[in-house]
$ cat upload.txt   # compact mmCIF, C-alpha atoms and all ligand atoms
# COMPACT_ATOMS: atom_id res chain seq x y z
CA MET A 9 21.19 9.44 -31.80
CA ASP A 10 17.85 9.63 -30.04
CA MET A 11 17.25 5.84 -29.86
CA LEU A 12 17.83 3.84 -26.72
CA ARG A 13 17.59 0.15 -25.96
CA ILE A 14 15.41 -0.18 -22.88
CA THR A 15 14.74 -3.22 -20.67
CA GLU A 16 11.96 -1.66 -18.58
CA ILE A 17 10.42 1.62 -17.44
CA TYR A 18 8.45 1.40 -14.23
CA LYS A 19 7.39 3.25 -11.10
CA SER A 20 8.47 2.05 -7.65
CA ILE A 21 10.06 3.45 -4.56
CA GLN A 22 13.70 4.42 -4.69
CA GLY A 23 15.41 1.56 -2.88
CA GLU A 24 18.76 3.14 -2.11
CA ALA A 25 20.99 6.17 -1.73
CA ARG A 26 19.88 9.71 -0.90
CA TYR A 27 16.29 9.46 -2.13
CA ALA A 28 15.56 6.01 -0.64
CA GLY A 29 11.88 5.60 0.16
CA LEU A 30 10.61 8.20 -2.30
CA PRO A 31 8.55 7.34 -5.37
CA CYS A 32 10.72 7.12 -8.46
CA THR A 33 10.43 6.21 -12.13
CA PHE A 34 13.21 3.88 -13.24
CA ILE A 35 14.47 3.70 -16.81
CA ARG A 36 16.54 0.55 -17.10
CA LEU A 37 18.83 0.71 -20.13
CA THR A 38 19.75 -2.61 -21.71
CA GLY A 39 23.33 -3.90 -21.77
CA CYS A 40 26.42 -3.72 -19.60
CA PRO A 41 30.09 -4.36 -20.44
CA LEU A 42 30.83 -5.53 -16.87
CA ARG A 43 29.99 -8.83 -15.22
CA CYS A 44 29.99 -8.30 -11.45
CA ARG A 45 29.87 -11.67 -9.69
CA TRP A 46 26.91 -10.64 -7.54
CA CYS A 47 25.01 -8.72 -10.25
CA ASP A 48 21.26 -8.71 -9.55
CA THR A 49 20.15 -7.31 -12.92
CA ALA A 50 21.70 -9.79 -15.36
CA TYR A 51 18.29 -9.94 -17.04
CA GLY A 52 19.12 -6.49 -18.41
CA PHE A 53 22.27 -7.59 -20.26
CA GLU A 54 20.38 -8.47 -23.44
CA GLY A 55 17.01 -8.08 -25.10
CA GLY A 56 15.00 -4.93 -24.48
CA GLU A 57 13.13 -2.74 -26.94
CA ASP A 58 14.10 0.34 -28.94
CA TYR A 59 12.57 3.59 -27.72
CA ASN A 60 13.09 7.07 -29.07
CA LEU A 61 13.43 10.00 -26.66
CA GLN A 62 9.85 11.17 -27.14
CA HIS A 63 8.51 7.68 -26.45
CA ILE A 64 10.49 7.56 -23.18
CA LEU A 65 9.36 11.06 -22.15
CA ASP A 66 5.73 10.10 -22.83
CA LYS A 67 6.05 6.97 -20.70
CA VAL A 68 7.73 8.91 -17.86
CA GLU A 69 5.02 11.56 -17.98
CA GLU A 70 2.34 8.85 -17.86
CA LEU A 71 3.89 7.45 -14.65
CA GLY A 72 3.74 10.94 -13.12
CA VAL A 73 6.67 10.87 -10.66
CA HIS A 74 9.05 13.79 -10.05
CA HIS A 75 12.16 11.63 -9.45
CA VAL A 76 13.52 9.71 -12.43
CA GLU A 77 16.53 7.39 -12.37
CA LEU A 78 18.53 6.02 -15.29
CA THR A 79 19.91 2.64 -14.35
CA GLY A 80 20.94 -0.60 -16.00
CA GLY A 81 22.79 -2.40 -17.11
CA GLU A 82 25.16 0.47 -17.71
CA PRO A 83 23.21 3.55 -18.80
CA LEU A 84 26.32 5.40 -19.98
CA ALA A 85 27.14 2.64 -22.48
CA GLN A 86 24.47 4.20 -24.74
CA ALA A 87 25.36 7.61 -26.19
CA ALA A 88 21.73 8.76 -26.16
CA ALA A 89 21.67 8.56 -22.36
CA LEU A 90 23.10 12.10 -22.31
CA PRO A 91 20.36 13.73 -24.45
CA LEU A 92 17.81 11.73 -22.44
CA MET A 93 19.08 13.24 -19.17
CA GLU A 94 19.07 16.71 -20.74
CA ALA A 95 15.50 16.25 -21.97
CA LEU A 96 14.29 15.01 -18.58
CA ILE A 97 15.87 18.01 -16.83
CA LYS A 98 14.28 20.35 -19.36
CA HIS A 99 10.91 18.81 -18.52
CA GLY A 100 11.44 19.58 -14.83
CA TYR A 101 12.29 16.15 -13.41
CA GLN A 102 14.81 15.47 -10.63
CA VAL A 103 17.16 13.15 -12.50
CA MET A 104 19.49 10.52 -11.06
CA ILE A 105 21.84 8.08 -12.69
CA GLU A 106 23.33 4.91 -11.25
CA THR A 107 26.46 3.95 -13.14
CA GLY A 108 28.96 1.12 -12.70
CA GLY A 109 31.97 3.44 -12.80
CA SER A 110 33.68 2.26 -15.99
CA TYR A 111 32.38 5.04 -18.28
CA PRO A 112 33.23 8.76 -18.06
CA ILE A 113 30.80 10.88 -16.04
CA LYS A 114 32.40 14.12 -17.26
CA HIS A 115 29.57 15.01 -19.66
CA ILE A 116 26.67 14.23 -17.34
CA PRO A 117 24.63 17.45 -16.88
CA ALA A 118 25.39 19.21 -13.58
CA ALA A 119 21.76 18.97 -12.44
CA VAL A 120 21.89 15.16 -12.42
CA HIS A 121 22.48 13.35 -9.13
CA VAL A 122 25.21 10.75 -9.76
CA ILE A 123 25.48 7.46 -7.88
CA LEU A 124 28.80 6.01 -9.00
CA ASP A 125 29.84 2.46 -8.15
CA ALA A 126 33.42 1.76 -7.10
CA LYS A 127 33.90 -1.94 -7.76
CA CYS A 128 35.52 -3.92 -4.96
CA PRO A 129 37.65 -7.07 -5.54
CA GLY A 130 34.68 -9.33 -4.70
CA SER A 131 32.91 -8.09 -7.83
CA GLY A 132 35.74 -9.34 -10.03
CA MET A 133 35.60 -5.93 -11.78
CA GLN A 134 37.91 -3.76 -9.70
CA GLU A 135 40.24 -3.15 -12.67
CA LYS A 136 37.35 -1.41 -14.45
CA ASN A 137 37.07 1.51 -12.02
CA LEU A 138 37.70 4.67 -14.02
CA THR A 139 39.51 6.75 -11.41
CA ALA A 140 39.56 9.84 -13.67
CA ASN A 141 35.83 10.11 -12.84
CA TYR A 142 36.56 11.19 -9.27
CA ALA A 143 37.63 14.66 -10.45
CA PHE A 144 34.05 15.24 -11.69
CA LEU A 145 32.12 14.25 -8.56
CA LYS A 146 29.93 16.93 -6.99
CA PRO A 147 29.62 17.20 -3.19
CA THR A 148 26.01 16.03 -3.51
CA ASP A 149 26.90 12.89 -5.50
CA GLU A 150 27.39 9.44 -3.97
CA VAL A 151 30.01 6.73 -4.47
CA LYS A 152 28.73 3.26 -3.65
CA PHE A 153 30.76 0.22 -2.60
CA VAL A 154 28.99 -3.15 -2.70
CA ILE A 155 30.69 -5.20 -0.02
CA ALA A 156 30.89 -8.99 -0.48
CA SER A 157 33.35 -9.75 2.35
CA ARG A 158 35.47 -8.19 5.11
CA LYS A 159 38.29 -8.11 2.54
CA ASP A 160 36.14 -5.88 0.32
CA PHE A 161 35.40 -3.57 3.25
CA ASP A 162 39.10 -3.18 4.11
CA TRP A 163 39.89 -2.62 0.44
CA ALA A 164 37.17 0.06 0.22
CA GLU A 165 38.58 1.97 3.21
CA THR A 166 42.05 1.99 1.67
CA TYR A 167 40.68 2.95 -1.75
CA ILE A 168 38.64 5.84 -0.31
CA ARG A 169 41.72 7.26 1.40
CA GLU A 170 43.94 6.77 -1.67
CA HIS A 171 41.52 8.74 -3.84
CA HIS A 172 40.42 11.20 -1.10
CA LEU A 173 36.82 10.27 -1.80
CA GLU A 174 35.75 11.24 1.73
CA THR A 175 36.49 14.86 0.77
CA LYS A 176 34.59 14.75 -2.52
CA CYS A 177 31.08 13.37 -1.96
CA HIS A 178 28.90 11.00 0.09
CA LEU A 179 30.04 7.40 0.54
CA LEU A 180 27.70 4.41 0.63
CA VAL A 181 28.42 0.82 1.66
CA SER A 182 25.93 -1.90 0.69
CA PRO A 183 26.00 -5.58 1.63
CA ALA A 184 26.12 -7.91 -1.38
CA TRP A 185 22.85 -9.79 -1.00
CA GLY A 186 23.39 -13.21 0.63
CA LEU A 187 27.16 -12.71 1.01
CA VAL A 188 27.43 -10.21 3.88
CA LYS A 189 24.83 -9.81 6.63
CA PRO A 190 23.51 -6.26 7.12
CA ALA A 191 24.36 -6.56 10.86
CA GLU A 192 27.99 -7.41 10.07
CA LEU A 193 28.34 -4.47 7.70
CA THR A 194 26.70 -2.21 10.27
CA GLU A 195 29.33 -3.19 12.85
CA TRP A 196 32.17 -2.56 10.41
CA THR A 197 30.65 0.79 9.42
CA LEU A 198 30.28 1.88 13.05
CA ALA A 199 33.91 0.99 13.75
CA SER A 200 35.18 2.87 10.70
CA GLU A 201 36.73 6.31 11.01
CA LEU A 202 35.40 7.21 7.58
CA PRO A 203 32.02 8.92 7.01
CA LEU A 204 30.32 5.83 5.55
CA LYS A 205 26.57 5.52 5.16
CA LEU A 206 24.95 2.10 5.37
CA ASN A 207 22.91 1.60 2.21
CA LEU A 208 20.37 -1.24 2.34
CA GLN A 209 18.33 -1.96 -0.78
CA LEU A 210 14.80 -1.39 0.54
CA HIS A 211 13.12 -3.09 -2.41
CA LYS A 212 14.79 -6.41 -1.53
CA TYR A 213 13.24 -6.31 1.94
CA ILE A 214 9.80 -5.29 0.70
CA TRP A 215 9.52 -7.68 -2.26
CA ASN A 216 11.16 -10.92 -3.33
CA PRO A 217 14.90 -10.11 -3.69
CA ARG A 218 14.81 -11.55 -7.22
CA ALA A 219 11.69 -9.63 -8.31
CA LYS A 220 12.02 -7.55 -11.49
CA GLY A 221 10.41 -4.18 -12.08
CA VAL A 222 10.31 -3.14 -8.41
S1 LIG B 301 27.85 -2.86 -13.45
FE1 LIG B 301 25.80 -3.18 -12.59
S2 LIG B 301 24.59 -4.11 -14.26
FE2 LIG B 301 26.76 -4.28 -14.85
S3 LIG B 301 27.35 -6.33 -14.15
FE3 LIG B 301 27.88 -4.87 -12.50
S4 LIG B 301 26.09 -4.85 -11.12
FE4 LIG B 301 25.44 -5.80 -13.09

$ encode --input "upload.txt" --output "structure tokens"
Amino acid sequence: MDMLRITEIYKSIQGEARYAGLPCTFIRLTGCPLRCRWCDTAYGFEGGEDYNLQHILDKVEELGVHHVELTGGEPLAQAAALPLMEALIKHGYQVMIETGGSYPIKHIPAAVHVILDAKCPGSGMQEKNLTANYAFLKPTDEVKFVIASRKDFDWAETYIREHHLETKCHLLVSPAWGLVKPAELTEWTLASELPLKLNLQLHKYIWNPRAKGV
């Protein structure tokens, strides 16, 4: 129960969402049941190494950063992600999780900042959105839409209203890299009547967009 399959653990800056720009330790869990068309972390679908909780905590402590994010892959696909979050909180870290939205978030500890993807049609994974999750969002959490076309943006606006997401938490829109220009998405966001926040992935502007471990 305390073993996790891990692709990489590294220190970088947080590239997106509320803590963008701050130093962060990333724990990338191996494996994901989804296959988003524009996925930029397919290298995390397979491979990795087995770590027990103590090994992960030691590595996180060595990196010495207050913010720690579980990402993937799909971190919630591994049962031991929950005890890992609990252990990190107990050790005083500010914990975040980025999840694809197809696994329940109900049991995530309340102290964890959740960034939940809502998959648009352009991902090919829109049927995987677990809408029951929306009842468990905290006002401080964030729902992220990766936008691959104007059609995705229109779909996201309708979806937000249908599920009243604008009343539940913060809403992020990100351009799918190479498919939508940041300037286009900025114009759409400005014209929207919804409280959308433009979410650019800083790491892709700082380093090579295909770089791993950044
Ligand atoms: S959920 Fe995330 S890791 Fe999984 S395929 Fe989609 S973008 Fe890639």

$ residues_near_ligand --input "upload.txt" --ligand "ligand LIG 301 (chain B)" --cutoff "8 Å" --atoms "all atoms listed in the file" --output "PyMOL selection string"
chain A and resi 39-50+52-53+80-82+107-109+125+131+133

$ closest_residue --input "upload.txt" --among "A:Thr175, A:Thr194, A:Gln22, A:Ser200" --to "Asp149 of chain A" --atoms "all atoms listed in the file"
A:Thr175

$ atom_distance --input "upload.txt" --atom1 "atom CA of Leu84 of chain A" --atom2 "atom CA of Thr38 of chain A"
10.5 Å

$ closest_residue --input "upload.txt" --among "A:Tyr101, A:Phe153, A:Tyr27, A:Phe34" --to "Cys128 of chain A" --atoms "all atoms listed in the file"
A:Phe153

$ closest_residue --input "upload.txt" --among "A:Arg158, A:Arg26, A:Arg13, A:Lys146" --to "Leu180 of chain A" --atoms "all atoms listed in the file"
A:Arg26

$ residues_around --input "upload.txt" --residues "Ile97 of chain A" --least-positions-apart "2" --cutoff "12 Å" --atoms "only C-alpha atoms" --output "list in words"
Leu65, His74, His75, Val76, Glu77, Leu90, Pro91, Leu92, Met93, Glu94, Ala95, His99, Gly100, Tyr101, Gln102, Val103, Met104, Ile116, Pro117, Ala118, Ala119, Val120 and His121 of chain A

$ closest_atom_pairs --input "upload.txt" --of "segment 18-54 of chain A" --to "segment 204-217 of chain A" --cutoff "10 Å" --atoms "all atoms listed in the file" --output "tab-separated table"
residue	atom	partner	partner_atom	distance
A:Ser20	CA	A:His211	CA	8.7
A:Ile21	CA	A:His211	CA	7.5
A:Gln22	CA	A:His211	CA	7.9
A:Gly23	CA	A:Leu210	CA	4.6
A:Glu24	CA	A:Gln209	CA	5.3
A:Ala25	CA	A:Asn207	CA	6.3
A:Arg26	CA	A:Asn207	CA	9.2
A:Ala28	CA	A:Leu210	CA	7.5
A:Gly29	CA	A:Leu210	CA	7.6
A:Asp48	CA	A:Pro217	CA	8.8

$ write_last_selection --input "upload.txt" --atoms "C-alpha atoms" --output "tab-separated table (two decimals), in the coordinates of the input"
chain	number	residue	atom	x	y	z
A	20	SER	CA	8.47	2.05	-7.65
A	21	ILE	CA	10.06	3.45	-4.56
A	22	GLN	CA	13.70	4.42	-4.69
A	23	GLY	CA	15.41	1.56	-2.88
A	24	GLU	CA	18.76	3.14	-2.11
A	25	ALA	CA	20.99	6.17	-1.73
A	26	ARG	CA	19.88	9.71	-0.90
A	28	ALA	CA	15.56	6.01	-0.64
A	29	GLY	CA	11.88	5.60	0.16
A	48	ASP	CA	21.26	-8.71	-9.55

$ residues_around --input "upload.txt" --residues "Val73 of chain A" --least-positions-apart "6" --cutoff "9 Å" --atoms "only C-alpha atoms" --output "list in words"
Lys19, Pro31, Cys32, Thr33 and Tyr101 of chain A

$ decode --input "upload.txt" --residues "segment 43-193 of chain A" --atoms "C-alpha atoms" --output "short mmCIF file (atom, residue, chain, number, x, y, z; two decimals), in the first residue's frame"
data_model
loop_
_atom_site.label_atom_id
_atom_site.label_comp_id
_atom_site.auth_asym_id
_atom_site.auth_seq_id
_atom_site.Cartn_x
_atom_site.Cartn_y
_atom_site.Cartn_z
CA ARG A 43 -4.95 9.31 -23.98
CA CYS A 44 -5.54 13.02 -24.62
CA ARG A 45 -4.65 13.84 -28.22
CA TRP A 46 -2.39 16.72 -27.19
CA CYS A 47 -0.83 15.01 -24.14
CA ASP A 48 2.65 16.40 -23.41
CA THR A 49 3.68 13.78 -20.84
CA ALA A 50 3.21 10.54 -22.77
CA TYR A 51 6.70 9.57 -21.57
CA GLY A 52 5.06 9.00 -18.19
CA PHE A 53 2.60 6.36 -19.42
CA GLU A 54 5.02 3.49 -18.81
CA GLY A 55 8.30 2.67 -17.13
CA GLY A 56 9.21 4.45 -13.91
CA GLU A 57 10.64 3.04 -10.69
CA ASP A 58 9.05 1.75 -7.50
CA TYR A 59 9.42 4.04 -4.49
CA ASN A 60 8.06 3.55 -1.00
CA LEU A 61 6.61 6.51 0.89
CA GLN A 62 9.72 7.05 2.99
CA HIS A 63 11.93 7.08 -0.10
CA ILE A 64 9.71 9.76 -1.69
CA LEU A 65 9.64 11.84 1.52
CA ASP A 66 13.45 11.66 1.74
CA LYS A 67 13.80 12.82 -1.87
CA VAL A 68 11.31 15.67 -1.35
CA GLU A 69 13.13 16.76 1.79
CA GLU A 70 16.45 16.70 -0.08
CA LEU A 71 15.02 19.09 -2.71
CA GLY A 72 13.97 21.45 0.08
CA VAL A 73 10.92 23.20 -1.44
CA HIS A 74 7.73 24.06 0.48
CA HIS A 75 5.34 23.48 -2.46
CA VAL A 76 4.95 19.89 -3.67
CA GLU A 77 2.77 18.77 -6.57
CA LEU A 78 1.61 15.27 -7.44
CA THR A 79 1.17 15.02 -11.18
CA GLY A 80 1.33 12.44 -13.93
CA GLY A 81 0.23 10.56 -15.71
CA GLU A 82 -2.79 10.27 -13.47
CA PRO A 83 -1.71 10.41 -9.82
CA LEU A 84 -5.07 9.16 -8.53
CA ALA A 85 -4.75 5.93 -10.53
CA GLN A 86 -2.41 4.70 -7.76
CA ALA A 87 -4.08 4.03 -4.40
CA ALA A 88 -0.97 5.05 -2.45
CA ALA A 89 -1.30 8.62 -3.77
CA LEU A 90 -3.69 9.29 -0.86
CA PRO A 91 -1.32 8.21 1.95
CA LEU A 92 1.45 10.10 0.14
CA MET A 93 -0.58 13.34 0.24
CA GLU A 94 -1.39 12.74 3.91
CA ALA A 95 2.28 12.15 4.74
CA LEU A 96 3.39 15.28 2.87
CA ILE A 97 0.81 17.39 4.72
CA LYS A 98 1.94 15.91 8.03
CA HIS A 99 5.49 16.96 7.19
CA GLY A 100 4.33 20.56 6.67
CA TYR A 101 4.36 20.85 2.86
CA GLN A 102 1.84 22.82 0.79
CA VAL A 103 0.51 20.00 -1.38
CA MET A 104 -1.11 20.24 -4.81
CA ILE A 105 -2.43 17.61 -7.14
CA GLU A 106 -3.09 17.88 -10.86
CA THR A 107 -5.57 15.24 -11.96
CA GLY A 108 -7.17 14.44 -15.31
CA GLY A 109 -10.69 14.36 -13.88
CA SER A 110 -11.60 10.71 -14.44
CA TYR A 111 -10.91 9.50 -10.87
CA PRO A 112 -12.83 10.50 -7.72
CA ILE A 113 -11.38 13.42 -5.77
CA LYS A 114 -13.70 12.78 -2.81
CA HIS A 115 -10.99 11.28 -0.57
CA ILE A 116 -8.28 13.85 -1.27
CA PRO A 117 -7.34 15.50 2.06
CA ALA A 118 -8.95 18.93 2.51
CA ALA A 119 -5.57 20.65 2.84
CA VAL A 120 -4.58 19.67 -0.71
CA HIS A 121 -5.00 22.21 -3.51
CA VAL A 122 -6.75 20.43 -6.39
CA ILE A 123 -6.27 21.30 -10.05
CA LEU A 124 -8.87 19.23 -11.87
CA ASP A 125 -8.92 18.92 -15.66
CA ALA A 126 -12.24 19.04 -17.50
CA LYS A 127 -11.53 17.38 -20.82
CA CYS A 128 -12.82 19.21 -23.89
CA PRO A 129 -13.86 17.44 -27.14
CA GLY A 130 -10.48 18.23 -28.75
CA SER A 131 -8.79 15.93 -26.23
CA GLY A 132 -10.86 12.98 -27.42
CA MET A 133 -11.52 12.22 -23.72
CA GLN A 134 -14.59 14.30 -22.91
CA GLU A 135 -16.63 11.19 -22.03
CA LYS A 136 -14.19 10.51 -19.19
CA ASN A 137 -15.06 13.61 -17.16
CA LEU A 138 -16.35 12.40 -13.79
CA THR A 139 -18.97 15.06 -13.11
CA ALA A 140 -19.66 13.70 -9.60
CA ASN A 141 -16.30 15.28 -8.67
CA TYR A 142 -17.72 18.79 -8.93
CA ALA A 143 -19.61 18.35 -5.64
CA PHE A 144 -16.24 18.03 -3.85
CA LEU A 145 -14.48 21.11 -5.23
CA LYS A 146 -13.36 23.71 -2.69
CA PRO A 147 -13.59 27.44 -3.51
CA THR A 148 -9.78 27.54 -3.60
CA ASP A 149 -9.48 24.68 -6.11
CA GLU A 150 -9.11 25.14 -9.87
CA VAL A 151 -10.75 23.47 -12.86
CA LYS A 152 -8.62 23.60 -15.99
CA PHE A 153 -9.78 23.43 -19.61
CA VAL A 154 -7.11 22.81 -22.24
CA ILE A 155 -8.44 24.50 -25.37
CA ALA A 156 -7.47 23.05 -28.76
CA SER A 157 -9.91 25.06 -30.92
CA ARG A 158 -12.69 27.66 -30.84
CA LYS A 159 -15.09 24.70 -30.68
CA ASP A 160 -13.44 23.59 -27.44
CA PHE A 161 -13.76 27.09 -25.99
CA ASP A 162 -17.49 27.29 -26.81
CA TRP A 163 -17.98 23.81 -25.39
CA ALA A 164 -16.15 24.81 -22.18
CA GLU A 165 -18.39 27.85 -21.67
CA THR A 166 -21.52 25.73 -22.04
CA TYR A 167 -20.10 23.01 -19.79
CA ILE A 168 -19.17 25.51 -17.06
CA ARG A 169 -22.71 26.89 -17.02
CA GLU A 170 -24.31 23.43 -17.10
CA HIS A 171 -22.34 22.35 -14.03
CA HIS A 172 -22.33 25.78 -12.32
CA LEU A 173 -18.56 25.58 -12.08
CA GLU A 174 -18.23 29.38 -11.98
CA THR A 175 -19.88 29.26 -8.54
CA LYS A 176 -17.66 26.48 -7.19
CA CYS A 177 -14.00 27.34 -7.76
CA HIS A 178 -11.47 29.09 -10.02
CA LEU A 179 -11.56 28.38 -13.76
CA LEU A 180 -8.47 28.15 -15.96
CA VAL A 181 -8.23 28.07 -19.75
CA SER A 182 -4.96 26.94 -21.36
CA PRO A 183 -4.06 26.87 -25.05
CA ALA A 184 -3.15 23.40 -26.32
CA TRP A 185 0.46 23.91 -27.37
CA GLY A 186 0.76 24.48 -31.14
CA LEU A 187 -3.01 24.24 -31.72
CA VAL A 188 -4.33 27.55 -30.34
CA LYS A 189 -2.30 30.76 -30.16
CA PRO A 190 -2.14 32.38 -26.71
CA ALA A 191 -3.29 35.68 -28.31
CA GLU A 192 -6.39 34.01 -29.75
CA LEU A 193 -7.31 32.45 -26.43
#
